[in-house]
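*Asks:* One structure follows; several queries about it will come next.
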Amino acid sequence: MKLIFRWICYLFCMAMAAVGVGAASLLLVLYFLSAELPDHNSVKKYSPDVASRVFLQDGSKLCEYASERRYFIPVDRIPQKLIAAFVAAEDKHFFEHAGVDFLGILRSLVRNLENIGTGKRPQGASTITQQVARLFLIKNSKISYIRKIKEAILSFRIESVLSKAQILELYLNHIYLGLGAYGVAAAANVYFDKTVDELTISECSYLASLAKGANNYHPIKHREKAISRRNWAIQRQLDDGYITPREAQEAMSENLNIVRQPPRETAEYFAEEIRKYLIEKFSFESLNKEGLIVRGTLDARLQKCARDALKRGLEKTDRGFGWRGPIGRVDVGKNPTVIADELRKIDSPAGCEDFTRAVVLSVGRRGVATLLTDGGERGNLAEGDKKWAGKISAGDVILVKKSENSKGIFSLKQFPRVQGAIVVVEVDTGRILAMQGGYSFRHSEFNRTTQAMRQIGSAFKPFVYLAGLENGFAPNSIIDASPIEIDLGEKLGVWKPKNYMGKILDNVVFRRALERSINTATGRIAQEVGLDKIAKIARQFGVFENMPQLISYALGAGETTLLKLTTAYAMLANGGRRISPTMVDYVQDKLGNVIFKSDQREAVDAADFTAESPPKLNDVRPQILDEQSIYQIVSLLEGVMLRGSGSSAAFLKFPIAGKTGTSNDSRDVWFIGCTPDIAVGVFVGFDDHSKSLGKNASGSSVALPIFIDFMLQAKEYLSPKPFRVPKGINLRKIDAETGESPSKNSKSIILEAFKEDDDSPEIIRIPKKKSSILELFEEKKDEPTAPAAIQPILGVY
């Protein structure tokens, strides 16, 4: 008996010793593991990487910039049904445990023992708190029991410093839920195009089911698994009492409708420009991680008008160069299903997303081409397009667009090689309301609005004439427009600028010289005024920073960007106030604090304003030149639109001041037009500077029609008010052809704008002799006597 008692005592002591050693070992392991764990207090300072978003004037979202697509949302704004879905699916005892679910660990241990040798992945029993520990504190670590111990330790510590609500806030904003979405707010938007408070129980359950491996439950690739997993999450909510049996049944029967917005071209050129601007102003890190909220200046309505007008114009211009042939071939001897399958395998050229692929099934005796589109629709090619294309054969794969007016008729399309740009600037503020920097951003990210330096032709002439009005000329001054010869200096020869179509003229009224874009008259005005004064005005209006003092620049040889030139015209339209183009109204941080705004005006009497008497704003825009001279040039440009190169737009019956421009060999064509509210700039040309648009191409035949197309769509959004007449301007009737007071024989009588000290016509006559280029530099004796090569410029129509 004593022997048995001794053995019992011995075994008990051994067991106690083993327990002690085990406990000591466990404590030692926990000590060393704890020593190398990160500081759990860091989760209290959680500041997630949040996507920055750009919104337009109508409140719609243009784009977002992010390293991780995430929209932070406070836990008190997350609906309870979404929280319930995640708790039921991920951690049913979340509100009861202190960080670790020991019963869950035991169940997981049993399952893992059963799976030994099966090759199955070990199962965990991670609570939401443990997942937070892993997401924030133990990153990129493989599954192991050591990692689980670390998670457990950190979970206890996290629970000691954060409330359950705070832990949920971290978890639901940080977890990856597939398709590039981090957090529930981003996932709701990506999968369902909804905010979190718009989600149904079914949709909440699907998002909760993604927590354990979003790629395994892809809504399209693995649809059956996705629905099964969603229904499992719904059942868990029913079992835990979060929803009723009826709600569960309705949620399970609901179709898994994923709303994936198709790629659409909206304003990618603007979005890219605003991205570069924000990086320069704030930094790449701020833009991609700090959740900036940006209000862009773009008007979605005007942007659509501008984009559509430019695309149609470029397509029309490109048609003049002929059809370049099919994009592929398909054997049409097979059955229609096989033909459609092969057709869909042929890629459309980049930038042709608006077009449909089609195969020519047959060509009849009368030239009627029968088509089958990649969507299985049959139809005929428009008769005019068949003639344009020339030879089309059965089996040709072509690009088409369905006619809006004729059923079953398709028009033949191709990606235009000619390029261009259009931009719309608000004249009072410089806000960019629309920007399309090319036919397609997907085809070419080069922004021809801001990056293309091109020769502007006669679109520069208004600034030459403005210099004249500032230096003694009047709108009715008489200018000698006869042929002019300019001696360029030793060994450089003589330059003879010519008018459009080689026209030889005599005297012409100052106004008519601009309306008809007469080069010889412009050259004489430049000589009389002085190139230094013209260069100064070009700099003041931002056309050129340092214009070379060459006579060819007065006729448009200089290169600038469409945005700079359009902004310069905007400053004419606003009465001569300096503005800078801007794409951003204001920027807020993720908490809603305004950290930048572009409009620096302030109300001077805001405290006393009423609905009948709104506050006045102090105008911080500097006045560039005399506003009377500015109005006179605007009036002249209105004449261009009524009697000159812009007269084809007169039918719009809208107050417009504008000018066309055409460079050497018609390589670049322009039109810049202003209303009292907006300035619209259009440029068309090949990216290859050496290519011409054709000998008959001009600003009035190519660029102006794009402007007209834009205005036909946009005029409903604009106010047809007249340009403001500044104080001191006198409007007097004159004969438009002679510049004198009207007589009974006058055929064209107009109201002319005169400054308050102008009371009689001034006749300006430049001697009809060879002019030396050296005369232009009398005030600057140190200038070189032989300037660089001077380019002849055609007049612009």
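Lettering and numbering for the structure tokens are positional, with chains as A, B, ... in the shown order, residues counted from 1 in each chain, and ligands counted from 1 in the shown order.
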Under the rule of at most 7 Å, produce a per-residue listing of range 289-324 of chain A near range 703-713 of chain A: chain, number, name, the closest pair of atoms, and the distance in Å, as a Markdown table, using only C-alpha atoms.
*Replies:*
| residue | atom | partner | partner_atom | distance |
| --- | --- | --- | --- | --- |
| A:Cys305 | CA | A:Phe710 | CA | 5.5 |
| A:Ala306 | CA | A:Phe710 | CA | 5.6 |
| A:Ala309 | CA | A:Phe710 | CA | 5.3 |
| A:Leu310 | CA | A:Ile706 | CA | 6.0 |
| A:Gly313 | CA | A:Ile706 | CA | 5.5 |
*Asks:* Can you tell me which residues surround Thr582 in chain A at a distance of at most 10 Å, considering only C-alpha atoms, apart from same-chain residues fewer than 6 positions away, and format the answer as a PyMOL selection string?
*Replies:* chain A and resi 274+277+296-298+425-426+429-433+598-599
*Asks:* Would you list the contacts of Tyr71 in chain A as a list in words, taking every protein, DNA or RNA residue within 9 Å and counting only C-alpha atoms, but skipping same-chain residues closer than 6 positions in sequence?
*Replies:*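 The residues that qualify are Asp49, Val50, Ala51, Ser52, Asn173, Tyr182, Gly183, Val184, Ala185, Ala186 and Gly291 of chain A.
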*Asks:* Since we have the selection now, will you write its residues out, keeping N, CA, C and O atoms, as a tab-separated table (two decimals), in the first residue's frame?
*Replies:*
chain	number	residue	atom	x	y	z
A	49	ASP	N	-4.74	54.76	-46.11
A	49	ASP	CA	-4.55	55.33	-47.43
A	49	ASP	C	-5.93	55.42	-48.09
A	49	ASP	O	-6.62	54.41	-48.24
A	50	VAL	N	-6.32	56.63	-48.45
A	50	VAL	CA	-7.66	56.84	-48.99
A	50	VAL	C	-7.55	57.44	-50.39
A	50	VAL	O	-6.70	58.30	-50.65
A	51	ALA	N	-8.41	56.98	-51.29
A	51	ALA	CA	-8.41	57.48	-52.67
A	51	ALA	C	-8.83	58.95	-52.70
A	51	ALA	O	-9.73	59.37	-51.99
A	52	SER	N	-8.13	59.72	-53.54
A	52	SER	CA	-8.56	61.09	-53.80
A	52	SER	C	-9.55	61.05	-54.96
A	52	SER	O	-9.37	60.31	-55.92
A	173	ASN	N	-12.98	49.13	-42.93
A	173	ASN	CA	-12.39	50.12	-43.85
A	173	ASN	C	-11.11	49.62	-44.51
A	173	ASN	O	-10.65	50.21	-45.48
A	182	TYR	N	-10.80	48.17	-51.47
A	182	TYR	CA	-10.40	48.02	-50.07
A	182	TYR	C	-11.46	48.67	-49.20
A	182	TYR	O	-11.76	49.85	-49.35
A	183	GLY	N	-12.02	47.89	-48.30
A	183	GLY	CA	-13.06	48.41	-47.42
A	183	GLY	C	-14.44	48.28	-48.03
A	183	GLY	O	-14.62	48.16	-49.24
A	184	VAL	N	-15.45	48.33	-47.15
A	184	VAL	CA	-16.82	48.07	-47.60
A	184	VAL	C	-17.39	49.18	-48.47
A	184	VAL	O	-18.19	48.92	-49.37
A	185	ALA	N	-16.98	50.43	-48.23
A	185	ALA	CA	-17.52	51.53	-49.04
A	185	ALA	C	-17.07	51.41	-50.49
A	185	ALA	O	-17.87	51.58	-51.42
A	186	ALA	N	-15.78	51.13	-50.69
A	186	ALA	CA	-15.28	50.96	-52.05
A	186	ALA	C	-15.88	49.72	-52.70
A	186	ALA	O	-16.23	49.73	-53.89
A	291	GLY	N	-6.73	60.98	-49.54
A	291	GLY	CA	-8.17	61.16	-49.70
A	291	GLY	C	-8.61	62.58	-49.98
A	291	GLY	O	-9.61	63.04	-49.42
*Asks:* Run DSSP on the backbone and tell me which residues of range 714-743 of chain A come out as strand (DSSP E or B); list them as a PyMOL selection string.
*Replies:* chain A and resi 730-735
*Asks:* For those residues, write N, CA and C atoms to a file as a short mmCIF file (atom, residue, chain, number, x, y, z; two decimals), in the first residue's frame.
*Replies:*
data_model
loop_
_atom_site.label_atom_id
_atom_site.label_comp_id
_atom_site.auth_asym_id
_atom_site.auth_seq_id
_atom_site.Cartn_x
_atom_site.Cartn_y
_atom_site.Cartn_z
N ASN A 730 -17.84 105.46 -77.71
CA ASN A 730 -18.90 106.10 -78.50
C ASN A 730 -19.18 105.25 -79.73
N LEU A 731 -20.43 104.91 -79.95
CA LEU A 731 -20.82 104.13 -81.12
C LEU A 731 -21.37 105.07 -82.18
N ARG A 732 -20.67 105.13 -83.37
CA ARG A 732 -21.08 106.02 -84.44
C ARG A 732 -21.22 105.24 -85.74
N LYS A 733 -22.16 105.65 -86.57
CA LYS A 733 -22.36 105.01 -87.85
C LYS A 733 -21.26 105.44 -88.82
N ILE A 734 -20.70 104.45 -89.53
CA ILE A 734 -19.71 104.76 -90.58
C ILE A 734 -19.98 103.86 -91.78
N ASP A 735 -19.38 104.23 -92.88
CA ASP A 735 -19.39 103.39 -94.08
C ASP A 735 -18.29 102.35 -93.89
#
*Asks:* What's around range 523-540 of chain A at 8 Å? Count only C-alpha atoms, leave out sequence neighbours fewer than 2 positions away in its own chain, and write the answer as a ChimeraX atom specification.
*Replies:* /A:463-465,467-468,471,479-481,484,497,519-521,542-551,554-555,624,766,776
*Asks:* Rounded to one decimal, what separation in Å do you get between CA of Ala573 in chain A and CA of Asp299 in chain A?
*Replies:*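 So the two atoms, CA of Ala573 in chain A and CA of Asp299 in chain A, lie 19.8 Å apart.
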*Asks:* How far is it from CA of Leu238 in chain A to CA of Leu256 in chain A, in Å with one decimal?
*Replies:*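 So the answer is 19.0 Å.
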*Asks:* Between CA of Tyr269 in chain A and CA of Val669 in chain A, what is the distance in Å, rounded to a tenth?
*Replies:*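 It comes out at 20.9 Å.
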*Asks:* Could you check which of A:Gly576, A:Asn447, A:Lys590, A:Gly739 is closest to Asn507 in chain A, using only C-alpha atoms?
*Replies:* A:Gly739
